[in-house]
>>> print(open('run_26.tsv').read())   # TSV, C-alpha atoms
chain	number	residue	atom	x	y	z
A	1	MET	CA	-27.22	-15.30	-14.41
A	2	THR	CA	-25.33	-12.66	-12.49
A	3	HIS	CA	-22.93	-10.33	-14.16
A	4	PRO	CA	-19.43	-10.44	-12.66
A	5	LEU	CA	-19.68	-6.77	-11.83
A	6	ASP	CA	-22.95	-6.99	-9.94
A	7	PRO	CA	-22.58	-5.65	-6.41
A	8	LEU	CA	-20.53	-8.21	-4.56
A	9	GLN	CA	-21.06	-7.15	-0.99
A	10	ASP	CA	-24.09	-4.98	-1.15
A	11	GLY	CA	-27.05	-5.60	1.07
A	12	VAL	CA	-26.26	-6.40	4.64
A	13	PRO	CA	-22.99	-8.15	5.31
A	14	ASP	CA	-22.13	-9.51	8.72
A	15	GLY	CA	-19.78	-7.45	10.81
A	16	PRO	CA	-16.66	-9.01	12.29
A	17	ASP	CA	-18.20	-9.27	15.72
A	18	GLY	CA	-21.35	-10.99	14.53
A	19	LEU	CA	-23.21	-7.74	13.97
A	20	SER	CA	-25.94	-8.92	11.73
A	21	GLY	CA	-26.44	-5.78	9.77
A	22	LEU	CA	-29.01	-3.07	10.06
A	23	ASP	CA	-32.46	-3.68	11.37
A	24	GLY	CA	-33.59	-0.34	12.70
A	25	HIS	CA	-33.31	-1.48	16.33
A	26	ASP	CA	-29.61	-0.67	16.40
A	27	ALA	CA	-29.04	2.43	18.50
A	28	ARG	CA	-26.31	3.45	16.07
A	29	PHE	CA	-28.58	3.22	13.05
A	30	GLN	CA	-28.83	6.40	10.98
A	31	ALA	CA	-30.71	6.23	7.72
A	32	GLU	CA	-29.27	9.54	6.56
A	33	VAL	CA	-25.61	10.12	5.83
A	34	PRO	CA	-24.88	13.75	6.72
A	35	VAL	CA	-22.09	14.39	4.18
A	36	ARG	CA	-21.71	13.82	0.48
A	37	ARG	CA	-18.64	13.50	-1.70
A	38	GLU	CA	-18.34	15.62	-4.80
A	39	ARG	CA	-16.27	14.31	-7.66
A	40	ARG	CA	-12.98	16.08	-8.00
A	41	SER	CA	-12.44	18.56	-10.75
A	42	PRO	CA	-9.31	17.87	-12.76
A	43	GLU	CA	-6.61	20.14	-11.45
A	44	ASN	CA	-3.23	18.98	-10.32
A	45	PRO	CA	-1.04	21.53	-8.59
A	46	GLU	CA	0.81	18.63	-6.99
A	47	ARG	CA	2.50	17.94	-10.29
A	48	LEU	CA	4.99	20.48	-9.04
A	49	TYR	CA	6.29	17.86	-6.69
A	50	ILE	CA	9.02	15.64	-8.03
A	51	LEU	CA	11.19	12.93	-6.65
A	52	THR	CA	14.51	14.32	-5.51
A	53	GLY	CA	17.33	13.62	-7.92
A	54	ASP	CA	17.46	12.45	-11.49
A	55	ASP	CA	15.33	9.44	-12.35
A	56	SER	CA	17.50	8.54	-15.32
A	57	GLU	CA	20.33	7.57	-12.97
A	58	ARG	CA	18.27	4.86	-11.34
A	59	ALA	CA	17.30	1.34	-12.28
A	60	PRO	CA	13.51	0.89	-12.68
A	61	LEU	CA	12.90	-0.77	-9.34
A	62	ASP	CA	9.53	-1.11	-7.66
A	63	LEU	CA	9.03	-0.90	-3.89
A	64	VAL	CA	8.31	-4.62	-3.95
A	65	THR	CA	11.01	-5.73	-6.37
A	66	LEU	CA	12.78	-8.58	-4.55
A	67	ILE	CA	16.57	-8.22	-4.32
A	68	VAL	CA	18.91	-11.20	-3.85
A	69	ALA	CA	22.69	-10.92	-3.46
A	70	ASN	CA	24.86	-12.94	-5.84
A	71	GLY	CA	27.60	-13.26	-3.24
A	72	ASP	CA	29.27	-11.78	-0.19
A	73	PRO	CA	30.53	-8.19	-0.15
A	74	SER	CA	34.18	-7.64	-1.02
A	75	PRO	CA	36.32	-5.91	1.64
A	76	THR	CA	36.60	-2.86	-0.62
A	77	ALA	CA	32.89	-2.40	-1.22
A	78	GLN	CA	31.23	0.84	-0.09
A	79	PRO	CA	29.46	0.51	3.26
A	80	GLU	CA	26.01	0.98	1.74
A	81	GLN	CA	26.74	-1.69	-0.86
A	82	SER	CA	28.04	-4.09	1.80
A	83	ALA	CA	24.94	-3.50	3.88
A	84	VAL	CA	22.67	-4.34	0.93
A	85	LEU	CA	24.66	-7.48	0.11
A	86	ARG	CA	24.53	-8.67	3.72
A	87	LEU	CA	20.81	-8.00	4.09
A	88	SER	CA	19.82	-9.60	0.81
A	89	ARG	CA	21.43	-13.01	1.29
A	90	THR	CA	17.80	-14.12	1.27
A	91	PRO	CA	15.25	-12.26	-0.89
A	92	LEU	CA	14.24	-8.85	0.45
A	93	SER	CA	12.08	-6.15	-1.13
A	94	VAL	CA	13.39	-2.66	-1.90
A	95	ALA	CA	10.97	-1.33	0.75
A	96	GLU	CA	12.40	-3.67	3.38
A	97	LEU	CA	15.98	-2.72	2.48
A	98	SER	CA	15.00	0.94	2.89
A	99	ALA	CA	13.40	0.20	6.26
A	100	TYR	CA	16.28	-1.85	7.68
A	101	MET	CA	18.94	0.57	6.39
A	102	ALA	CA	16.92	3.62	7.48
A	103	LEU	CA	17.54	5.26	4.10
A	104	PRO	CA	15.04	6.79	1.69
A	105	VAL	CA	13.88	4.52	-1.14
A	106	SER	CA	15.52	6.75	-3.76
A	107	VAL	CA	18.91	6.45	-2.02
A	108	VAL	CA	18.61	2.67	-1.75
A	109	THR	CA	17.66	2.61	-5.44
A	110	VAL	CA	20.86	4.43	-6.38
A	111	VAL	CA	22.92	1.89	-4.42
A	112	LEU	CA	21.01	-0.96	-6.07
A	113	THR	CA	21.52	0.52	-9.52
A	114	ASP	CA	25.30	0.25	-9.06
A	115	LEU	CA	25.06	-3.27	-7.62
A	116	LEU	CA	22.86	-4.41	-10.53
A	117	ALA	CA	25.27	-2.91	-13.06
A	118	ALA	CA	28.14	-4.82	-11.41
A	119	ASP	CA	26.02	-7.99	-11.36
A	120	LEU	CA	26.40	-8.24	-7.58
A	121	VAL	CA	22.64	-8.59	-6.98
A	122	GLN	CA	19.64	-9.91	-8.89
A	123	ALA	CA	16.29	-8.16	-9.06
A	124	ARG	CA	13.15	-10.28	-9.18
A	125	ALA	CA	10.62	-8.00	-10.78
A	126	PRO	CA	7.18	-7.60	-9.24
A	127	VAL	CA	4.04	-8.81	-10.90
A	128	VAL	CA	2.21	-5.64	-11.84
A	129	ARG	CA	-1.41	-4.92	-12.55
A	130	SER	CA	-0.85	-4.03	-16.18
A	131	ALA	CA	0.51	-7.53	-16.76
A	132	LEU	CA	-2.53	-9.09	-15.24
A	133	PRO	CA	-4.88	-10.76	-17.63
A	134	ASP	CA	-3.72	-13.52	-15.33
A	135	ARG	CA	-6.49	-14.59	-12.98
A	136	SER	CA	-4.30	-17.37	-11.63
A	137	LEU	CA	-2.20	-14.77	-9.80
A	138	LEU	CA	-5.26	-13.47	-7.93
A	139	GLU	CA	-6.33	-17.04	-7.26
A	140	ALA	CA	-2.89	-17.75	-5.79
A	141	VAL	CA	-3.22	-14.72	-3.49
A	142	MET	CA	-6.73	-15.78	-2.42
A	143	HIS	CA	-5.53	-19.30	-1.77
A	144	GLY	CA	-2.71	-17.97	0.39
A	145	LEU	CA	-4.98	-15.61	2.32
A	146	GLN	CA	-7.42	-18.40	3.02
A	147	LYS	CA	-4.68	-20.33	4.79
A	148	LEU	CA	-3.93	-17.48	7.21
B	149	MET	CA	13.62	8.21	10.87
B	150	ASP	CA	17.28	8.95	11.33
B	151	PHE	CA	19.61	8.61	8.42
B	152	LYS	CA	22.32	6.08	9.08
B	153	SER	CA	25.87	7.32	8.72
B	154	SER	CA	28.42	5.29	6.80
B	155	ASP	CA	30.05	4.38	10.10
B	156	THR	CA	26.88	2.74	11.31
B	157	LEU	CA	26.52	0.90	8.03
B	158	THR	CA	30.09	-0.47	8.23
B	159	SER	CA	29.97	-1.57	11.83
B	160	GLY	CA	27.23	-4.03	11.07
B	161	ALA	CA	24.83	-2.20	13.37
B	162	ILE	CA	22.02	-2.65	10.87
B	163	THR	CA	19.59	-5.23	12.08
B	164	GLY	CA	18.11	-7.22	9.26
B	165	PRO	CA	14.98	-9.34	9.41
B	166	ARG	CA	14.51	-11.53	12.45
B	167	GLU	CA	15.07	-15.20	11.73
B	168	GLN	CA	11.33	-15.88	11.51
B	169	ASP	CA	10.89	-12.94	9.13
B	170	VAL	CA	13.31	-14.17	6.46
B	171	LEU	CA	11.69	-14.96	3.12
B	172	PRO	CA	12.43	-18.37	1.60
B	173	ALA	CA	15.02	-18.38	-1.20
B	174	THR	CA	12.20	-19.54	-3.49
B	175	ALA	CA	10.38	-16.18	-3.21
B	176	ALA	CA	10.24	-15.19	-6.86
B	177	ALA	CA	7.71	-12.39	-7.15
B	178	ALA	CA	5.80	-9.87	-5.08
B	179	VAL	CA	2.53	-7.99	-5.39
B	180	LYS	CA	1.29	-5.01	-3.41
B	181	VAL	CA	-1.95	-3.61	-2.05
B	182	VAL	CA	-2.34	-0.10	-0.66
B	183	ILE	CA	-4.56	0.76	2.31
B	184	VAL	CA	-5.81	4.35	2.19
B	185	GLY	CA	-8.55	6.40	3.78
B	186	GLY	CA	-7.53	9.57	5.58
B	187	PHE	CA	-6.05	10.33	8.95
B	188	GLY	CA	-6.86	8.07	11.86
B	189	VAL	CA	-9.19	5.56	10.21
B	190	GLY	CA	-7.10	2.51	11.16
B	191	LYS	CA	-4.80	1.89	8.20
B	192	THR	CA	-1.70	1.08	10.22
B	193	THR	CA	-3.86	-1.03	12.51
B	194	MET	CA	-5.05	-3.09	9.57
B	195	VAL	CA	-1.51	-3.56	8.22
B	196	GLY	CA	-0.34	-4.67	11.66
B	197	SER	CA	-3.23	-7.05	12.32
B	198	VAL	CA	-2.70	-9.12	9.20
B	199	SER	CA	1.07	-8.82	8.55
B	200	GLU	CA	3.36	-11.78	9.24
B	201	ILE	CA	6.21	-9.40	10.15
B	202	ARG	CA	6.21	-6.55	12.61
B	203	PRO	CA	5.28	-3.58	10.41
B	204	LEU	CA	8.27	-1.67	9.02
B	205	THR	CA	8.60	1.96	7.96
B	206	THR	CA	10.09	3.16	4.72
B	207	GLU	CA	10.39	6.72	3.49
B	208	GLU	CA	10.95	8.84	0.43
B	209	THR	CA	12.07	12.41	-0.06
B	210	MET	CA	9.92	14.59	-2.29
B	211	THR	CA	10.93	17.98	-3.62
B	212	GLN	CA	8.36	20.68	-4.09
B	213	ALA	CA	9.12	23.23	-6.75
B	214	GLY	CA	8.00	26.39	-5.01
B	215	ILE	CA	6.12	28.25	-7.70
B	216	GLY	CA	2.54	29.22	-7.09
B	217	VAL	CA	1.95	26.64	-4.42
B	218	ASP	CA	0.49	27.55	-1.06
B	219	ASP	CA	2.67	29.87	0.97
B	220	ASN	CA	5.60	29.46	-1.37
B	221	TYR	CA	3.74	31.59	-3.86
B	222	GLY	CA	6.10	33.75	-5.87
B	223	SER	CA	9.26	32.24	-4.49
B	224	GLU	CA	11.73	30.19	-6.46
B	225	THR	CA	12.89	28.02	-3.59
B	226	LYS	CA	12.49	24.29	-3.38
B	227	THR	CA	11.42	22.53	-0.23
B	228	ALA	CA	11.96	18.87	0.55
B	229	THR	CA	9.30	16.78	2.22
B	230	THR	CA	9.89	13.38	3.71
B	231	VAL	CA	7.01	10.98	3.28
B	232	ALA	CA	6.95	7.95	5.55
B	233	MET	CA	4.96	4.82	5.06
B	234	ASP	CA	4.31	1.71	7.10
B	235	PHE	CA	4.09	-1.66	5.47
B	236	GLY	CA	3.61	-5.31	6.27
B	237	ARG	CA	3.96	-8.58	4.44
B	238	ILE	CA	2.10	-11.84	3.86
B	239	SER	CA	3.80	-14.80	2.17
B	240	VAL	CA	0.96	-16.28	0.16
B	241	SER	CA	3.07	-19.17	-1.11
B	242	GLU	CA	6.69	-20.28	-1.33
B	243	GLU	CA	7.05	-18.17	-4.47
B	244	LEU	CA	4.65	-15.26	-4.06
B	245	VAL	CA	4.69	-12.45	-1.48
B	246	LEU	CA	1.97	-9.85	-0.82
B	247	TYR	CA	3.03	-6.47	0.60
B	248	LEU	CA	0.53	-4.13	2.30
B	249	PHE	CA	1.26	-0.41	2.42
B	250	GLY	CA	-0.53	2.06	4.67
B	251	THR	CA	0.44	5.02	6.81
B	252	PRO	CA	-0.90	7.65	9.15
B	253	GLY	CA	-1.53	10.94	7.40
B	254	GLN	CA	0.23	12.77	4.56
B	255	GLU	CA	-1.77	10.89	1.96
B	256	ARG	CA	-1.70	13.76	-0.46
B	257	PHE	CA	1.94	12.89	-1.00
B	258	TRP	CA	1.48	9.20	-1.55
B	259	PHE	CA	-0.01	9.86	-4.93
B	260	LEU	CA	3.16	11.64	-5.93
B	261	TRP	CA	5.37	8.82	-4.76
B	262	ASN	CA	6.42	7.22	-8.01
B	263	GLY	CA	5.81	3.54	-7.88
B	264	LEU	CA	3.49	3.30	-4.90
B	265	PHE	CA	0.27	2.97	-6.85
B	266	GLU	CA	1.86	1.94	-10.12
B	267	GLY	CA	1.55	-1.78	-10.30
B	268	ALA	CA	-0.52	-2.10	-7.13
B	269	LEU	CA	-3.15	-4.80	-7.51
B	270	GLY	CA	-5.69	-2.51	-5.88
B	271	ALA	CA	-6.56	-0.54	-2.76
B	272	VAL	CA	-8.67	-0.82	0.36
B	273	VAL	CA	-10.30	2.49	1.35
B	274	LEU	CA	-10.93	2.35	5.10
B	275	ILE	CA	-13.67	4.67	6.30
B	276	ASP	CA	-14.93	5.84	9.68
B	277	THR	CA	-18.61	6.84	9.53
B	278	ARG	CA	-18.02	9.53	12.15
B	279	ARG	CA	-15.70	11.31	9.72
B	280	LEU	CA	-16.68	10.12	6.29
B	281	GLU	CA	-15.33	13.24	4.60
B	282	VAL	CA	-11.68	12.44	5.37
B	283	SER	CA	-11.88	9.66	2.75
B	284	PHE	CA	-13.33	11.77	-0.06
B	285	ASP	CA	-10.01	13.01	-1.36
B	286	VAL	CA	-8.36	9.59	-1.65
B	287	ILE	CA	-11.40	8.06	-3.34
B	288	GLY	CA	-11.21	10.77	-6.00
B	289	ARG	CA	-7.50	10.23	-6.47
B	290	LEU	CA	-7.91	6.47	-6.86
B	291	GLU	CA	-10.61	7.02	-9.46
B	292	GLU	CA	-8.38	9.41	-11.38
B	293	ARG	CA	-5.51	6.92	-11.34
B	294	GLY	CA	-7.72	4.01	-12.33
B	295	VAL	CA	-6.72	2.00	-9.26
B	296	PRO	CA	-9.48	-0.51	-8.42
B	297	PHE	CA	-10.61	-0.29	-4.79
B	298	ILE	CA	-13.15	-1.52	-2.27
B	299	ILE	CA	-14.60	0.35	0.70
B	300	ALA	CA	-14.16	-1.14	4.18
B	301	VAL	CA	-16.16	0.48	6.98
B	302	ASN	CA	-13.99	0.21	10.09
B	303	ASP	CA	-16.67	-0.38	12.73
B	304	PHE	CA	-15.67	1.82	15.62
B	305	PRO	CA	-17.92	1.08	18.62
B	306	ASP	CA	-19.59	4.48	18.73
B	307	ALA	CA	-19.71	5.16	14.99
B	308	PRO	CA	-23.12	5.53	13.36
B	309	ARG	CA	-24.27	2.69	11.13
B	310	HIS	CA	-25.78	3.69	7.84
B	311	PRO	CA	-27.56	1.58	5.23
B	312	LEU	CA	-24.93	0.63	2.67
B	313	ASP	CA	-26.98	2.15	-0.13
B	314	ALA	CA	-26.94	5.49	1.71
B	315	LEU	CA	-23.16	5.19	2.13
B	316	ARG	CA	-22.76	4.35	-1.54
B	317	THR	CA	-24.73	7.46	-2.44
B	318	ALA	CA	-22.83	9.66	0.00
B	319	LEU	CA	-19.50	8.42	-1.34
B	320	ASP	CA	-20.75	8.69	-4.92
B	321	LEU	CA	-19.50	5.19	-5.71
B	322	ASP	CA	-20.10	3.19	-8.83
B	323	GLN	CA	-22.61	0.40	-8.30
B	324	HIS	CA	-20.10	-2.42	-8.59
B	325	VAL	CA	-17.63	-1.15	-5.95
B	326	PRO	CA	-17.93	-3.52	-2.94
B	327	ILE	CA	-18.61	-2.11	0.54
B	328	VAL	CA	-17.92	-4.27	3.60
B	329	HIS	CA	-17.79	-3.84	7.36
B	330	CYS	CA	-14.59	-4.69	9.16
B	331	ASP	CA	-12.73	-4.43	12.44
B	332	ALA	CA	-9.18	-3.46	11.47
B	333	ARG	CA	-7.86	-4.72	14.83
B	334	GLN	CA	-8.93	-8.28	14.05
B	335	ARG	CA	-6.70	-10.42	11.88
B	336	VAL	CA	-9.61	-12.48	10.54
B	337	SER	CA	-11.60	-9.38	9.66
B	338	SER	CA	-8.62	-7.74	7.91
B	339	LYS	CA	-8.00	-10.97	6.03
B	340	ASP	CA	-11.67	-11.11	4.96
B	341	THR	CA	-11.39	-7.51	3.75
B	342	LEU	CA	-8.37	-8.40	1.59
B	343	MET	CA	-10.27	-11.43	0.29
B	344	THR	CA	-13.14	-9.14	-0.75
B	345	LEU	CA	-10.66	-6.97	-2.65
B	346	MET	CA	-9.16	-10.04	-4.37
B	347	ARG	CA	-12.59	-11.42	-5.34
B	348	TYR	CA	-13.51	-8.01	-6.76
B	349	LEU	CA	-10.23	-7.82	-8.75
B	350	HIS	CA	-10.88	-11.35	-9.96
B	351	ALA	CA	-14.37	-10.36	-11.12
B	352	LEU	CA	-12.87	-7.37	-12.95
B	353	ALA	CA	-10.30	-9.64	-14.61
B	354	VAL	CA	-13.04	-12.07	-15.66
B	355	ALA	CA	-15.12	-9.20	-17.07
B	356	ARG	CA	-12.12	-7.93	-19.05
B	357	ALA	CA	-11.28	-11.31	-20.52
>>> encode(input="run_26.tsv", output="structure tokens")
Amino acid sequence: MTHPLDPLQDGVPDGPDGLSGLDGHDARFQAEVPVRRERRSPENPERLYILTGDDSERAPLDLVTLIVANGDPSPTAQPEQSAVLRLSRTPLSVAELSAYMALPVSVVTVVLTDLLAADLVQARAPVVRSALPDRSLLEAVMHGLQKL
Amino acid sequence: MDFKSSDTLTSGAITGPREQDVLPATAAAAVKVVIVGGFGVGKTTMVGSVSEIRPLTTEETMTQAGIGVDDNYGSETKTATTVAMDFGRISVSEELVLYLFGTPGQERFWFLWNGLFEGALGAVVLIDTRRLEVSFDVIGRLEERGVPFIIAVNDFPDAPRHPLDALRTALDLDQHVPIVHCDARQRVSSKDTLMTLMRYLHALAVARA
């Protein structure tokens, strides 16, 4: 019986163009790999980077949280809010809103925080890895990919 | 990208999704996968080949506190960096949407982008055997973050082909990390690569259960 973590694709997989792996007759074959990765030592100077602004002012939205408007914008709404409400008449992720509005994600998140507080939009939370004892989710993704 | 002024926002100049790119109202949840691997290995190509929408670009502004870092050493100033990222989308069902993130360059900053790797199902590390070393840094960062990943060798026509065991050794990978060949330009090949990632994640989930 094979263990689930046995190498899944080791050996000689077929390439996309029907390359049938390595047989020594391939002109590109090189038994030796000239470089070697060394594991990183734990140091993190990048911790000095932070997201601009104050996180506590923003709703906990993921890049792929789906936003749906609860209604049409009122004539008095701020332009950014109106734009979000118009764009999200059908579900749209935070990343897509950022792309279509040409605004940074953190700015869009601030706008969304106000809209959520006023109950003008709904947020459909993403399914995240930590909440994933659920193999059926991965099976659903595989099923969908197979149909492509 | 240019920031839109309020005037532009009001005048309705923002173009939303094309009609064929609109998600169904039933879309209830989304998952994400990140494609990494160093400059010029074909990440954006892979996103574009398999996405159902024309790839979009999103961005975030990062602030660097300027103490003891690079040429800001000794100064108290802050500098802002804009990090851009391309992404695509695949509707896997009426309810579930898969987003694929990948971008040229600047990867050092992705790992600081709150929420990019958090919650991602996993990652595809694209490698080019002519420049294997450009992927070393991201592999280490994924390991540190505990993000499960597979390796996809983007088969450029003139790139050397190594035995996979030799690649595994050179990349210092754990035995169970899958390595596959792919052609990031080909939709079918990119799809197969994502399938390999999903099967691997599934095996991990089974092993955890």
>>> closest_residue(input="run_26.tsv", among="A:Ser93, A:Thr65, A:Gln81, A:Gln122", to="Val107 in chain A", atoms="all atoms listed in the file")
A:Gln81
>>> residues_near_point(input="run_26.tsv", point="(-2.1, -0.5, -4.9)", cutoff="6 Å", atoms="all atoms listed in the file", output="list in words")
Lys180, Val181, Val182, Phe265, Ala268, Leu269, Gly270 and Ala271 of chain B
>>> residues_around(input="run_26.tsv", residues="Lys339 in chain B", least_positions_apart="5", cutoff="12 Å", atoms="all atoms listed in the file", output="list in words")
Pro16, Val141, Met142, His143, Gly144, Leu145, Gln146, Lys147 and Leu148 of chain A; Met194, Val195, Gly196, Ser197, Val198, Ser199, Glu200, Ile238, Val240, Leu248, Val272, Ala300, Cys330, Asp331, Ala332, Arg333, Gln334, Thr344, Leu345 and Met346 of chain B
>>> write_last_selection(input="run_26.tsv", atoms="C-alpha atoms", output="PDB file, in the coordinates of the input")
ATOM      1  CA  PRO A  16     -16.660  -9.010  12.290  1.00  0.00           C
ATOM      2  CA  VAL A 141      -3.220 -14.720  -3.490  1.00  0.00           C
ATOM      3  CA  MET A 142      -6.730 -15.780  -2.420  1.00  0.00           C
ATOM      4  CA  HIS A 143      -5.530 -19.300  -1.770  1.00  0.00           C
ATOM      5  CA  GLY A 144      -2.710 -17.970   0.390  1.00  0.00           C
ATOM      6  CA  LEU A 145      -4.980 -15.610   2.320  1.00  0.00           C
ATOM      7  CA  GLN A 146      -7.420 -18.400   3.020  1.00  0.00           C
ATOM      8  CA  LYS A 147      -4.680 -20.330   4.790  1.00  0.00           C
ATOM      9  CA  LEU A 148      -3.930 -17.480   7.210  1.00  0.00           C
TER      10      LEU A 148
ATOM     11  CA  MET B 194      -5.050  -3.090   9.570  1.00  0.00           C
ATOM     12  CA  VAL B 195      -1.510  -3.560   8.220  1.00  0.00           C
ATOM     13  CA  GLY B 196      -0.340  -4.670  11.660  1.00  0.00           C
ATOM     14  CA  SER B 197      -3.230  -7.050  12.320  1.00  0.00           C
ATOM     15  CA  VAL B 198      -2.700  -9.120   9.200  1.00  0.00           C
ATOM     16  CA  SER B 199       1.070  -8.820   8.550  1.00  0.00           C
ATOM     17  CA  GLU B 200       3.360 -11.780   9.240  1.00  0.00           C
ATOM     18  CA  ILE B 238       2.100 -11.840   3.860  1.00  0.00           C
ATOM     19  CA  VAL B 240       0.960 -16.280   0.160  1.00  0.00           C
ATOM     20  CA  LEU B 248       0.530  -4.130   2.300  1.00  0.00           C
ATOM     21  CA  VAL B 272      -8.670  -0.820   0.360  1.00  0.00           C
ATOM     22  CA  ALA B 300     -14.160  -1.140   4.180  1.00  0.00           C
ATOM     23  CA  CYS B 330     -14.590  -4.690   9.160  1.00  0.00           C
ATOM     24  CA  ASP B 331     -12.730  -4.430  12.440  1.00  0.00           C
ATOM     25  CA  ALA B 332      -9.180  -3.460  11.470  1.00  0.00           C
ATOM     26  CA  ARG B 333      -7.860  -4.720  14.830  1.00  0.00           C
ATOM     27  CA  GLN B 334      -8.930  -8.280  14.050  1.00  0.00           C
ATOM     28  CA  THR B 344     -13.140  -9.140  -0.750  1.00  0.00           C
ATOM     29  CA  LEU B 345     -10.660  -6.970  -2.650  1.00  0.00           C
ATOM     30  CA  MET B 346      -9.160 -10.040  -4.370  1.00  0.00           C
TER      31      MET B 346
END
>>> atom_distance(input="run_26.tsv", atom1="CA of Asp320 in chain B", atom2="CA of Pro34 in chain A")
13.3 Å
>>> closest_residue(input="run_26.tsv", among="B:Val354, B:Ala175, B:Val286, B:Leu342", to="Leu92 in chain A", atoms="only C-alpha atoms")
B:Ala175
>>> decode(input="run_26.tsv", residues="range 176-188 of chain B", atoms="N, CA and C atoms", output="JSON list (two decimals), in the first residue's frame")
[["chain", "number", "residue", "atom", "x", "y", "z"],
["B", 176, "ALA", "N", -20.50, 31.90, -4.16],
["B", 176, "ALA", "CA", -20.63, 32.05, -2.71],
["B", 176, "ALA", "C", -19.29, 32.07, -1.99],
["B", 177, "ALA", "N", -18.25, 31.54, -2.62],
["B", 177, "ALA", "CA", -16.97, 31.45, -1.93],
["B", 177, "ALA", "C", -15.84, 31.39, -2.95],
["B", 178, "ALA", "N", -14.67, 31.82, -2.51],
["B", 178, "ALA", "CA", -13.51, 31.82, -3.41],
["B", 178, "ALA", "C", -12.31, 31.23, -2.70],
["B", 179, "VAL", "N", -11.44, 30.63, -3.47],
["B", 179, "VAL", "CA", -10.16, 30.13, -2.96],
["B", 179, "VAL", "C", -9.06, 30.72, -3.83],
["B", 180, "LYS", "N", -7.81, 30.68, -3.32],
["B", 180, "LYS", "CA", -6.73, 31.26, -4.14],
["B", 180, "LYS", "C", -5.50, 30.36, -4.12],
["B", 181, "VAL", "N", -4.78, 30.46, -5.24],
["B", 181, "VAL", "CA", -3.50, 29.77, -5.41],
["B", 181, "VAL", "C", -2.51, 30.82, -5.89],
["B", 182, "VAL", "N", -1.27, 30.74, -5.40],
["B", 182, "VAL", "CA", -0.26, 31.72, -5.77],
["B", 182, "VAL", "C", 0.79, 31.03, -6.64],
["B", 183, "ILE", "N", 1.18, 31.70, -7.72],
["B", 183, "ILE", "CA", 2.22, 31.17, -8.61],
["B", 183, "ILE", "C", 3.47, 32.01, -8.41],
["B", 184, "VAL", "N", 4.55, 31.36, -7.97],
["B", 184, "VAL", "CA", 5.77, 32.07, -7.62],
["B", 184, "VAL", "C", 6.95, 31.47, -8.40],
["B", 185, "GLY", "N", 8.14, 32.05, -8.23],
["B", 185, "GLY", "CA", 9.27, 31.40, -8.87],
["B", 185, "GLY", "C", 10.41, 32.27, -9.35],
["B", 186, "GLY", "N", 10.36, 33.57, -9.10],
["B", 186, "GLY", "CA", 11.48, 34.38, -9.55],
["B", 186, "GLY", "C", 11.18, 35.05, -10.87],
["B", 187, "PHE", "N", 12.03, 36.01, -11.21],
["B", 187, "PHE", "CA", 11.78, 36.86, -12.36],
["B", 187, "PHE", "C", 11.87, 36.08, -13.67],
["B", 188, "GLY", "N", 10.85, 36.26, -14.50],
["B", 188, "GLY", "CA", 10.94, 35.77, -15.87],
["B", 188, "GLY", "C", 10.79, 34.27, -16.07]]
